[in-house]
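Colleague: Quick one, start35.cif (mmCIF, N, CA and C atoms):
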```
data_target
#
loop_
_atom_site.label_atom_id
_atom_site.label_comp_id
_atom_site.auth_asym_id
_atom_site.auth_seq_id
_atom_site.Cartn_x
_atom_site.Cartn_y
_atom_site.Cartn_z
N MET A 249 -19.75 9.01 50.32
CA MET A 249 -20.69 7.98 50.02
C MET A 249 -20.37 7.31 48.69
N ASN A 250 -20.51 6.01 48.69
CA ASN A 250 -20.32 5.25 47.45
C ASN A 250 -21.67 5.05 46.77
N LYS A 251 -21.68 5.33 45.48
CA LYS A 251 -22.91 5.14 44.73
C LYS A 251 -22.90 3.75 44.12
N LYS A 252 -23.94 2.98 44.34
CA LYS A 252 -24.03 1.62 43.82
C LYS A 252 -24.63 1.68 42.41
N ASP A 253 -23.96 1.01 41.45
CA ASP A 253 -24.44 0.96 40.06
C ASP A 253 -25.38 -0.23 39.92
N ASP A 254 -26.65 0.06 39.66
CA ASP A 254 -27.65 -1.00 39.59
C ASP A 254 -27.83 -1.56 38.18
N GLY A 255 -27.13 -1.12 37.16
CA GLY A 255 -27.30 -1.64 35.81
C GLY A 255 -27.02 -0.57 34.78
N PHE A 256 -27.52 -0.82 33.59
CA PHE A 256 -27.31 0.10 32.49
C PHE A 256 -28.37 1.19 32.51
N SER A 257 -27.95 2.37 32.11
CA SER A 257 -28.92 3.46 31.99
C SER A 257 -29.62 3.34 30.64
N ALA A 258 -30.70 4.06 30.48
CA ALA A 258 -31.46 4.01 29.24
C ALA A 258 -30.63 4.48 28.05
N ILE A 259 -29.81 5.48 28.23
CA ILE A 259 -28.99 5.99 27.13
C ILE A 259 -27.94 4.96 26.70
N GLU A 260 -27.40 4.21 27.64
CA GLU A 260 -26.43 3.16 27.30
C GLU A 260 -27.09 2.05 26.48
N ILE A 261 -28.30 1.69 26.83
CA ILE A 261 -29.03 0.66 26.09
C ILE A 261 -29.36 1.15 24.68
N VAL A 262 -29.78 2.40 24.54
CA VAL A 262 -30.10 2.96 23.23
C VAL A 262 -28.85 2.98 22.35
N ILE A 263 -27.72 3.35 22.90
CA ILE A 263 -26.46 3.38 22.14
C ILE A 263 -26.08 1.97 21.70
N ALA A 264 -26.20 1.01 22.60
CA ALA A 264 -25.86 -0.38 22.26
C ALA A 264 -26.77 -0.91 21.15
N VAL A 265 -28.05 -0.64 21.23
CA VAL A 265 -28.98 -1.08 20.19
C VAL A 265 -28.67 -0.39 18.87
N ALA A 266 -28.33 0.88 18.90
CA ALA A 266 -27.98 1.61 17.68
C ALA A 266 -26.74 1.02 17.02
N VAL A 267 -25.76 0.64 17.81
CA VAL A 267 -24.54 0.02 17.26
C VAL A 267 -24.87 -1.32 16.63
N ILE A 268 -25.71 -2.12 17.28
CA ILE A 268 -26.11 -3.42 16.73
C ILE A 268 -26.87 -3.24 15.42
N ILE A 269 -27.77 -2.29 15.37
CA ILE A 269 -28.53 -2.02 14.14
C ILE A 269 -27.60 -1.56 13.03
N LEU A 270 -26.65 -0.71 13.33
CA LEU A 270 -25.69 -0.24 12.33
C LEU A 270 -24.87 -1.40 11.78
N LEU A 271 -24.41 -2.28 12.64
CA LEU A 271 -23.65 -3.45 12.18
C LEU A 271 -24.52 -4.36 11.31
N ALA A 272 -25.79 -4.53 11.68
CA ALA A 272 -26.69 -5.36 10.88
C ALA A 272 -26.93 -4.75 9.51
N ILE A 273 -27.06 -3.43 9.46
CA ILE A 273 -27.27 -2.76 8.17
C ILE A 273 -26.07 -2.98 7.26
N ILE A 274 -24.90 -3.03 7.81
CA ILE A 274 -23.69 -3.25 7.02
C ILE A 274 -23.53 -4.73 6.65
N ALA A 275 -23.81 -5.63 7.58
CA ALA A 275 -23.53 -7.06 7.38
C ALA A 275 -24.55 -7.79 6.53
N VAL A 276 -25.83 -7.47 6.65
CA VAL A 276 -26.88 -8.24 5.96
C VAL A 276 -26.72 -8.20 4.44
N PRO A 277 -26.50 -7.06 3.81
CA PRO A 277 -26.31 -7.09 2.35
C PRO A 277 -25.08 -7.90 1.92
N LYS A 278 -24.03 -7.85 2.72
CA LYS A 278 -22.84 -8.63 2.39
C LYS A 278 -23.14 -10.12 2.48
N MET A 279 -23.93 -10.51 3.48
CA MET A 279 -24.29 -11.91 3.63
C MET A 279 -25.19 -12.36 2.49
N ALA A 280 -26.11 -11.52 2.06
CA ALA A 280 -27.00 -11.85 0.95
C ALA A 280 -26.20 -12.01 -0.34
N ASP A 281 -25.22 -11.14 -0.55
CA ASP A 281 -24.37 -11.24 -1.73
C ASP A 281 -23.55 -12.52 -1.70
N THR A 282 -23.06 -12.88 -0.53
CA THR A 282 -22.29 -14.11 -0.37
C THR A 282 -23.16 -15.32 -0.66
N LEU A 283 -24.39 -15.32 -0.21
CA LEU A 283 -25.32 -16.41 -0.48
C LEU A 283 -25.61 -16.53 -1.97
N LYS A 284 -25.82 -15.39 -2.62
CA LYS A 284 -26.07 -15.40 -4.07
C LYS A 284 -24.87 -15.98 -4.83
N LYS A 285 -23.67 -15.56 -4.46
CA LYS A 285 -22.47 -16.07 -5.12
C LYS A 285 -22.27 -17.56 -4.86
N SER A 286 -22.60 -18.01 -3.66
CA SER A 286 -22.43 -19.44 -3.37
C SER A 286 -23.42 -20.27 -4.20
N ASN A 287 -24.65 -19.78 -4.38
CA ASN A 287 -25.61 -20.48 -5.24
C ASN A 287 -25.13 -20.51 -6.69
N GLU A 288 -24.58 -19.39 -7.15
CA GLU A 288 -24.04 -19.34 -8.51
C GLU A 288 -22.91 -20.35 -8.67
N ASN A 289 -21.99 -20.37 -7.72
CA ASN A 289 -20.86 -21.29 -7.81
C ASN A 289 -21.30 -22.74 -7.75
N ALA A 290 -22.31 -23.04 -6.93
CA ALA A 290 -22.84 -24.40 -6.85
C ALA A 290 -23.46 -24.81 -8.18
N THR A 291 -24.19 -23.89 -8.83
CA THR A 291 -24.80 -24.20 -10.11
C THR A 291 -23.73 -24.40 -11.18
N LYS A 292 -22.71 -23.58 -11.18
CA LYS A 292 -21.63 -23.75 -12.16
C LYS A 292 -20.89 -25.07 -11.94
N ALA A 293 -20.69 -25.45 -10.69
CA ALA A 293 -20.07 -26.74 -10.39
C ALA A 293 -20.97 -27.89 -10.84
N SER A 294 -22.28 -27.74 -10.65
CA SER A 294 -23.23 -28.76 -11.09
C SER A 294 -23.23 -28.89 -12.61
N LEU A 295 -23.12 -27.76 -13.29
CA LEU A 295 -23.03 -27.79 -14.75
C LEU A 295 -21.78 -28.56 -15.18
N GLY A 296 -20.67 -28.31 -14.51
CA GLY A 296 -19.44 -29.04 -14.80
C GLY A 296 -19.58 -30.53 -14.53
N SER A 297 -20.27 -30.88 -13.45
CA SER A 297 -20.49 -32.29 -13.11
C SER A 297 -21.35 -32.97 -14.17
N LEU A 298 -22.39 -32.29 -14.62
CA LEU A 298 -23.24 -32.86 -15.66
C LEU A 298 -22.46 -33.04 -16.96
N ARG A 299 -21.65 -32.07 -17.30
CA ARG A 299 -20.86 -32.18 -18.53
C ARG A 299 -19.84 -33.31 -18.42
N SER A 300 -19.26 -33.50 -17.24
CA SER A 300 -18.32 -34.61 -17.03
C SER A 300 -19.04 -35.95 -17.13
N ALA A 301 -20.23 -36.03 -16.54
CA ALA A 301 -21.01 -37.27 -16.62
C ALA A 301 -21.37 -37.60 -18.07
N ILE A 302 -21.73 -36.58 -18.85
CA ILE A 302 -22.04 -36.79 -20.27
C ILE A 302 -20.80 -37.28 -21.02
N ALA A 303 -19.64 -36.69 -20.70
CA ALA A 303 -18.39 -37.09 -21.35
C ALA A 303 -18.03 -38.54 -21.01
N MET A 304 -18.23 -38.93 -19.75
CA MET A 304 -17.95 -40.32 -19.36
C MET A 304 -18.91 -41.28 -20.07
N TYR A 305 -20.18 -40.90 -20.15
CA TYR A 305 -21.17 -41.70 -20.87
C TYR A 305 -20.73 -41.87 -22.33
N TYR A 306 -20.34 -40.78 -22.94
CA TYR A 306 -19.89 -40.77 -24.34
C TYR A 306 -18.73 -41.75 -24.54
N GLY A 307 -17.77 -41.72 -23.61
CA GLY A 307 -16.63 -42.63 -23.70
C GLY A 307 -17.01 -44.09 -23.52
N ASP A 308 -17.94 -44.35 -22.62
CA ASP A 308 -18.36 -45.73 -22.36
C ASP A 308 -19.27 -46.30 -23.44
N HIS A 309 -19.91 -45.45 -24.22
CA HIS A 309 -20.88 -45.91 -25.22
C HIS A 309 -20.41 -45.67 -26.65
N GLU A 310 -19.12 -45.85 -26.85
CA GLU A 310 -18.51 -45.83 -28.19
C GLU A 310 -18.88 -44.61 -29.01
N GLY A 311 -18.80 -43.44 -28.38
CA GLY A 311 -19.02 -42.20 -29.10
C GLY A 311 -20.47 -41.81 -29.27
N ASN A 312 -21.34 -42.37 -28.47
CA ASN A 312 -22.76 -41.99 -28.52
C ASN A 312 -23.12 -41.21 -27.26
N TYR A 313 -23.80 -40.09 -27.46
CA TYR A 313 -24.26 -39.28 -26.34
C TYR A 313 -25.57 -39.85 -25.80
N PRO A 314 -25.93 -39.49 -24.58
CA PRO A 314 -27.25 -39.90 -24.07
C PRO A 314 -28.35 -39.36 -24.97
N ASP A 315 -29.47 -40.09 -25.03
CA ASP A 315 -30.59 -39.61 -25.84
C ASP A 315 -31.52 -38.76 -24.98
N ALA A 316 -32.76 -38.66 -25.35
CA ALA A 316 -33.71 -37.80 -24.65
C ALA A 316 -33.98 -38.26 -23.22
N ASN A 317 -33.64 -39.49 -22.87
CA ASN A 317 -33.79 -40.00 -21.50
C ASN A 317 -32.51 -39.77 -20.70
N ILE A 318 -31.89 -38.65 -20.88
CA ILE A 318 -30.58 -38.36 -20.29
C ILE A 318 -30.56 -38.52 -18.77
N ALA A 319 -31.58 -38.04 -18.09
CA ALA A 319 -31.59 -38.13 -16.63
C ALA A 319 -31.53 -39.58 -16.18
N GLU A 320 -32.33 -40.42 -16.81
CA GLU A 320 -32.34 -41.85 -16.46
C GLU A 320 -31.02 -42.52 -16.83
N GLU A 321 -30.49 -42.20 -17.99
CA GLU A 321 -29.26 -42.84 -18.46
C GLU A 321 -28.05 -42.46 -17.59
N LEU A 322 -27.98 -41.21 -17.15
CA LEU A 322 -26.84 -40.78 -16.35
C LEU A 322 -26.92 -41.26 -14.90
N THR A 323 -28.13 -41.38 -14.37
CA THR A 323 -28.28 -41.73 -12.95
C THR A 323 -28.49 -43.21 -12.70
N LYS A 324 -28.69 -44.01 -13.75
CA LYS A 324 -28.91 -45.45 -13.58
C LYS A 324 -27.71 -46.06 -12.87
N ASP A 325 -27.97 -46.70 -11.76
CA ASP A 325 -26.93 -47.32 -10.92
C ASP A 325 -25.88 -46.31 -10.44
N ALA A 326 -26.17 -45.02 -10.56
CA ALA A 326 -25.26 -43.94 -10.14
C ALA A 326 -23.88 -44.09 -10.75
N LYS A 327 -23.83 -44.65 -11.96
CA LYS A 327 -22.53 -44.87 -12.61
C LYS A 327 -21.87 -43.56 -13.04
N TYR A 328 -22.66 -42.63 -13.54
CA TYR A 328 -22.08 -41.38 -14.04
C TYR A 328 -22.31 -40.22 -13.07
N ILE A 329 -23.48 -40.20 -12.47
CA ILE A 329 -23.81 -39.18 -11.48
C ILE A 329 -24.94 -39.74 -10.62
N ALA A 330 -24.89 -39.47 -9.32
CA ALA A 330 -25.87 -40.07 -8.41
C ALA A 330 -27.28 -39.53 -8.65
N SER A 331 -27.40 -38.24 -8.86
CA SER A 331 -28.69 -37.62 -9.14
C SER A 331 -28.45 -36.34 -9.93
N ILE A 332 -29.48 -35.90 -10.59
CA ILE A 332 -29.37 -34.66 -11.35
C ILE A 332 -29.40 -33.50 -10.35
N PRO A 333 -28.33 -32.69 -10.33
CA PRO A 333 -28.30 -31.57 -9.38
C PRO A 333 -29.25 -30.45 -9.79
N ALA A 334 -29.59 -29.64 -8.84
CA ALA A 334 -30.49 -28.51 -9.11
C ALA A 334 -29.71 -27.32 -9.64
N ALA A 335 -30.30 -26.65 -10.60
CA ALA A 335 -29.77 -25.38 -11.08
C ALA A 335 -30.38 -24.29 -10.20
N SER A 336 -29.54 -23.54 -9.52
CA SER A 336 -30.06 -22.52 -8.61
C SER A 336 -29.23 -21.24 -8.64
N GLY A 337 -28.58 -21.00 -9.75
CA GLY A 337 -27.68 -19.86 -9.81
C GLY A 337 -28.35 -18.51 -9.85
N SER A 338 -29.46 -18.42 -10.56
CA SER A 338 -30.13 -17.14 -10.73
C SER A 338 -31.23 -16.98 -9.69
N SER A 339 -31.28 -15.82 -9.09
CA SER A 339 -32.34 -15.55 -8.11
C SER A 339 -33.68 -15.29 -8.80
N TYR A 340 -33.70 -15.26 -10.12
CA TYR A 340 -34.93 -15.01 -10.86
C TYR A 340 -35.77 -16.29 -11.05
N HIS A 341 -35.17 -17.46 -10.80
CA HIS A 341 -35.84 -18.72 -11.05
C HIS A 341 -35.77 -19.61 -9.82
N PRO A 342 -36.78 -20.47 -9.65
CA PRO A 342 -36.70 -21.43 -8.54
C PRO A 342 -35.69 -22.54 -8.88
N LYS A 343 -35.22 -23.23 -7.86
CA LYS A 343 -34.31 -24.35 -8.08
C LYS A 343 -35.03 -25.42 -8.89
N SER A 344 -34.30 -26.03 -9.81
CA SER A 344 -34.90 -27.09 -10.63
C SER A 344 -33.82 -28.07 -11.05
N ASN A 345 -34.12 -29.37 -10.94
CA ASN A 345 -33.20 -30.38 -11.44
C ASN A 345 -33.76 -31.03 -12.71
N LYS A 346 -34.73 -30.39 -13.31
CA LYS A 346 -35.35 -30.89 -14.54
C LYS A 346 -34.43 -30.63 -15.73
N ILE A 347 -34.33 -31.64 -16.60
CA ILE A 347 -33.58 -31.47 -17.85
C ILE A 347 -34.59 -31.46 -18.98
N VAL A 348 -34.66 -30.32 -19.68
CA VAL A 348 -35.53 -30.17 -20.83
C VAL A 348 -34.71 -30.50 -22.07
N ILE A 349 -35.33 -31.19 -23.00
CA ILE A 349 -34.63 -31.58 -24.21
C ILE A 349 -34.77 -30.48 -25.26
N SER A 350 -33.65 -30.02 -25.78
CA SER A 350 -33.65 -28.98 -26.81
C SER A 350 -34.36 -29.52 -28.05
N GLY A 351 -35.10 -28.66 -28.69
CA GLY A 351 -35.84 -29.08 -29.87
C GLY A 351 -37.29 -29.35 -29.55
N THR A 352 -37.58 -29.63 -28.28
CA THR A 352 -38.97 -29.76 -27.88
C THR A 352 -39.50 -28.35 -27.62
N GLU A 353 -40.77 -28.22 -27.44
CA GLU A 353 -41.34 -26.90 -27.18
C GLU A 353 -40.95 -26.46 -25.77
N ILE A 354 -40.03 -25.53 -25.69
CA ILE A 354 -39.58 -25.05 -24.38
C ILE A 354 -39.84 -23.56 -24.28
N SER A 355 -40.09 -23.13 -23.07
CA SER A 355 -40.23 -21.69 -22.86
C SER A 355 -38.87 -21.14 -22.48
N ASN A 356 -38.60 -19.96 -22.91
CA ASN A 356 -37.30 -19.35 -22.64
C ASN A 356 -37.23 -18.85 -21.21
N ASP A 357 -36.02 -18.89 -20.69
CA ASP A 357 -35.71 -18.26 -19.41
C ASP A 357 -36.46 -18.89 -18.23
N THR A 358 -36.30 -20.21 -18.08
CA THR A 358 -36.94 -20.91 -16.97
C THR A 358 -35.97 -21.29 -15.87
N GLY A 359 -34.67 -21.24 -16.15
CA GLY A 359 -33.67 -21.61 -15.16
C GLY A 359 -33.41 -23.10 -15.09
N GLU A 360 -34.01 -23.89 -15.96
CA GLU A 360 -33.81 -25.35 -15.96
C GLU A 360 -32.60 -25.71 -16.83
N TRP A 361 -32.16 -26.96 -16.71
CA TRP A 361 -31.12 -27.47 -17.59
C TRP A 361 -31.74 -27.73 -18.96
N ILE A 362 -30.97 -27.51 -20.02
CA ILE A 362 -31.40 -27.89 -21.37
C ILE A 362 -30.31 -28.76 -21.98
N TYR A 363 -30.73 -29.86 -22.58
CA TYR A 363 -29.79 -30.81 -23.19
C TYR A 363 -30.10 -30.93 -24.68
N LYS A 364 -29.07 -30.91 -25.49
CA LYS A 364 -29.20 -31.05 -26.95
C LYS A 364 -29.06 -32.53 -27.28
N ALA A 365 -30.19 -33.18 -27.63
CA ALA A 365 -30.20 -34.61 -27.87
C ALA A 365 -30.24 -34.97 -29.35
N ASP A 366 -30.56 -34.01 -30.22
CA ASP A 366 -30.64 -34.36 -31.65
C ASP A 366 -29.37 -33.95 -32.38
N ASP A 367 -29.25 -34.43 -33.61
CA ASP A 367 -28.03 -34.26 -34.38
C ASP A 367 -27.89 -32.92 -35.08
N THR A 368 -28.96 -32.17 -35.22
CA THR A 368 -28.88 -30.92 -35.96
C THR A 368 -28.34 -29.79 -35.08
N GLU A 369 -27.53 -28.96 -35.68
CA GLU A 369 -26.99 -27.80 -34.97
C GLU A 369 -28.09 -26.75 -34.85
N ASP A 370 -28.20 -26.13 -33.66
CA ASP A 370 -29.24 -25.11 -33.49
C ASP A 370 -28.71 -23.73 -33.88
N GLU A 371 -29.58 -22.73 -33.73
CA GLU A 371 -29.23 -21.36 -34.15
C GLU A 371 -28.09 -20.76 -33.33
N ASN A 372 -27.80 -21.34 -32.16
CA ASN A 372 -26.70 -20.84 -31.33
C ASN A 372 -25.42 -21.64 -31.50
N GLY A 373 -25.42 -22.57 -32.43
CA GLY A 373 -24.24 -23.39 -32.69
C GLY A 373 -24.08 -24.56 -31.74
N ARG A 374 -25.11 -24.85 -30.97
CA ARG A 374 -25.03 -25.99 -30.06
C ARG A 374 -25.27 -27.28 -30.81
N VAL A 375 -24.53 -28.30 -30.42
CA VAL A 375 -24.61 -29.59 -31.09
C VAL A 375 -24.97 -30.68 -30.09
N LYS A 376 -25.24 -31.86 -30.61
CA LYS A 376 -25.64 -32.99 -29.78
C LYS A 376 -24.65 -33.22 -28.65
N GLY A 377 -25.20 -33.46 -27.44
CA GLY A 377 -24.38 -33.75 -26.28
C GLY A 377 -24.10 -32.55 -25.39
N GLN A 378 -24.51 -31.36 -25.78
CA GLN A 378 -24.26 -30.17 -24.96
C GLN A 378 -25.40 -29.94 -23.99
N ILE A 379 -25.04 -29.44 -22.82
CA ILE A 379 -26.03 -29.11 -21.80
C ILE A 379 -25.73 -27.69 -21.31
N TRP A 380 -26.77 -26.93 -21.01
CA TRP A 380 -26.61 -25.56 -20.54
C TRP A 380 -27.80 -25.18 -19.68
N ILE A 381 -27.79 -23.95 -19.18
CA ILE A 381 -28.84 -23.45 -18.30
C ILE A 381 -29.75 -22.51 -19.09
N ASN A 382 -31.04 -22.72 -18.99
CA ASN A 382 -32.02 -21.91 -19.71
C ASN A 382 -32.31 -20.63 -18.93
N CYS A 383 -31.37 -19.71 -18.98
CA CYS A 383 -31.52 -18.45 -18.26
C CYS A 383 -30.80 -17.35 -19.02
N THR A 384 -31.50 -16.26 -19.27
CA THR A 384 -30.91 -15.15 -20.02
C THR A 384 -30.39 -14.04 -19.12
N HIS A 385 -30.47 -14.24 -17.81
CA HIS A 385 -29.96 -13.24 -16.86
C HIS A 385 -28.45 -13.38 -16.73
N LYS A 386 -27.84 -12.39 -16.10
CA LYS A 386 -26.39 -12.40 -15.91
C LYS A 386 -26.06 -12.83 -14.48
N ASP A 387 -24.90 -13.49 -14.35
CA ASP A 387 -24.43 -13.86 -13.02
C ASP A 387 -23.70 -12.66 -12.40
N SER A 388 -23.13 -12.84 -11.23
CA SER A 388 -22.49 -11.72 -10.53
C SER A 388 -21.23 -11.22 -11.23
N LYS A 389 -20.71 -11.99 -12.18
CA LYS A 389 -19.54 -11.56 -12.93
C LYS A 389 -19.91 -10.97 -14.28
N GLY A 390 -21.20 -10.90 -14.59
CA GLY A 390 -21.65 -10.30 -15.83
C GLY A 390 -21.80 -11.28 -16.98
N ASN A 391 -21.64 -12.59 -16.73
CA ASN A 391 -21.80 -13.60 -17.78
C ASN A 391 -23.27 -14.01 -17.88
N VAL A 392 -23.77 -14.18 -19.08
CA VAL A 392 -25.14 -14.65 -19.30
C VAL A 392 -25.16 -16.15 -19.04
N TRP A 393 -26.13 -16.60 -18.24
CA TRP A 393 -26.17 -18.00 -17.82
C TRP A 393 -26.23 -18.97 -19.00
N ASN A 394 -27.03 -18.70 -20.02
CA ASN A 394 -27.17 -19.68 -21.10
C ASN A 394 -25.98 -19.67 -22.05
N GLU A 395 -24.98 -18.87 -21.78
CA GLU A 395 -23.76 -18.87 -22.59
C GLU A 395 -22.60 -19.57 -21.89
N LEU A 396 -22.84 -20.07 -20.70
CA LEU A 396 -21.77 -20.77 -19.96
C LEU A 396 -21.55 -22.15 -20.53
#
```
Take the structure from the file and write it as structure tokens.
Modeller:
Amino acid sequence: MNKKDDGFSAIEIVIAVAVIILLAIIAVPKMADTLKKSNENATKASLGSLRSAIAMYYGDHEGNYPDANIAEELTKDAKYIASIPAASGSSYHPKSNKIVISGTEISNDTGEWIYKADDTEDENGRVKGQIWINCTHKDSKGNVWNEL
């Protein structure tokens, strides 16, 4: 007599589900780490783009950096940059494309962009025309965000 196979047995289904769960346990953390690194790299690229836009502005305006209206000055007619990109490198802060002006009353560790618009050197040696990220956390390579 030939026995007809009507489908999978319960033990085969349990084994298949266990294998899928095991693969998910291995893959999900790797995917989360990849997502975190991609956000970090996007933020670092955005920082580079902002610094390039500031440098182009500086060259076009006879050695003058943008003033406190930096977002408007850089994005006007999209000459230097189309829009201010969001800083999203740290998982500790929400995405933000806000540029806070150094020297104004700012709270530390917000994850926003900070721009040095005045002529005086600050306690960290930053001078007029510099932009950085207001974050004291470390990226995946161990670098502190506000030191980039």
Colleague: Can you work out which one of A:Ile362, A:Ala290, A:Ile318, A:Ile263 has the shortest atom-to-atom distance to Arg374 of chain A, counting only C-alpha atoms?
Modeller: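 Under the stated criterion, the closest residue is A:Ile362.
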Colleague: Quick one, how far is atom N of Leu283 of chain A from atom N of Pro333 of chain A?
Modeller: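 Between atom N of Leu283 of chain A and atom N of Pro333 of chain A the gap works out to 20.5 Å.
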Colleague: Applied to this file, what does the PyMOL selection byres (((chain A and resi 322-326 and name CA) around 12) and name CA) return in terms of residues, put as a PyMOL selection string?
Modeller: chain A and resi 297-306+308-309+313-321+327-333+347
Colleague: Using DSSP on the backbone coordinates, identify the residues of segment 274-385 of chain A assigned to strand (DSSP E or B); present them as a list in words.
Modeller: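 Taking segment 274-385 of chain A and keeping strand (DSSP E or B) gives Ala335, Ser344, Ile347, Val348, Ile349, Ser350, Thr352, Trp361, Ile362, Tyr363, Ile379, Trp380 and Ile381 of chain A.
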Colleague: When you count only C-alpha atoms, which of these residues is closest to Ala280 of chain A: A:Asn372, A:Ser294, A:Asn312, A:Ser339?
Modeller: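 The closest residue to Ala280 of chain A is A:Ser339.
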Colleague: Report as a list in words the full result of the PyMOL selection byres (((chain A and resi 389-392 and name CA) around 12) and name CA) when it is applied to this structure.
Modeller: Lys284, Lys285, Glu288, Asn289, Lys292, Gly337, Ser338, Asp357, Gly359, Trp380, Ile381, Asn382, Cys383, Thr384, His385, Lys386, Asp387, Ser388, Trp393, Asn394, Glu395 and Leu396 of chain A
Colleague: Work out where the centre of an axis-aligned box around every listed atom of segment 340-350 of chain A lies and how long its edges are once 8 Å is added on each side; give both in Å to one decimal as AutoDock Vina command-line options.
Modeller:
```
--center_x -35.0 --center_y -23.3 --center_z -18.0 --size_x 19.6 --size_y 32.6 --size_z 36.2
```
Colleague: Within chain A, find each residue whose DSSP state, derived from the backbone, is helix (DSSP H, G or I), and express the selection as a ChimeraX atom specification.
Modeller: /A:258-308,318-326,393-395
Colleague: So that I can check the surroundings of Asp367 of chain A, please list as an MDAnalysis selection string every protein, DNA and RNA residue that reaches within 10 Å of it, counting only C-alpha atoms and ignoring chain neighbours fewer than 3 positions away.
Modeller: chainID A and resid 364 370 374:377
Colleague: Based on the selection just made, write N, CA and C atoms of those residues as a PDB file, in the coordinates of the input.
Modeller:
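Output below, filename out06.pdb:
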```pdb
ATOM      1  N   LYS A 364     -29.070 -30.910 -25.490  1.00  0.00           N
ATOM      2  CA  LYS A 364     -29.200 -31.050 -26.950  1.00  0.00           C
ATOM      3  C   LYS A 364     -29.060 -32.530 -27.280  1.00  0.00           C
ATOM      4  N   ASP A 370     -28.200 -26.130 -33.660  1.00  0.00           N
ATOM      5  CA  ASP A 370     -29.240 -25.110 -33.490  1.00  0.00           C
ATOM      6  C   ASP A 370     -28.710 -23.730 -33.880  1.00  0.00           C
ATOM      7  N   ARG A 374     -25.110 -24.850 -30.970  1.00  0.00           N
ATOM      8  CA  ARG A 374     -25.030 -25.990 -30.060  1.00  0.00           C
ATOM      9  C   ARG A 374     -25.270 -27.280 -30.810  1.00  0.00           C
ATOM     10  N   VAL A 375     -24.530 -28.300 -30.420  1.00  0.00           N
ATOM     11  CA  VAL A 375     -24.610 -29.590 -31.090  1.00  0.00           C
ATOM     12  C   VAL A 375     -24.970 -30.680 -30.090  1.00  0.00           C
ATOM     13  N   LYS A 376     -25.240 -31.860 -30.610  1.00  0.00           N
ATOM     14  CA  LYS A 376     -25.640 -32.990 -29.780  1.00  0.00           C
ATOM     15  C   LYS A 376     -24.650 -33.220 -28.650  1.00  0.00           C
ATOM     16  N   GLY A 377     -25.200 -33.460 -27.440  1.00  0.00           N
ATOM     17  CA  GLY A 377     -24.380 -33.750 -26.280  1.00  0.00           C
ATOM     18  C   GLY A 377     -24.100 -32.550 -25.390  1.00  0.00           C
TER      19      GLY A 377
END
```
Colleague: Mind giving me the straight-line distance from atom CA of Glu310 of chain A to atom C of Ala365 of chain A in Å, one decimal?
Modeller: 16.0 Å
Colleague: Distance atom N of Ala293 of chain A-atom N of Ser336 of chain A, one decimal place?
Modeller: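 Atom N of Ala293 of chain A sits 9.1 Å away from atom N of Ser336 of chain A.
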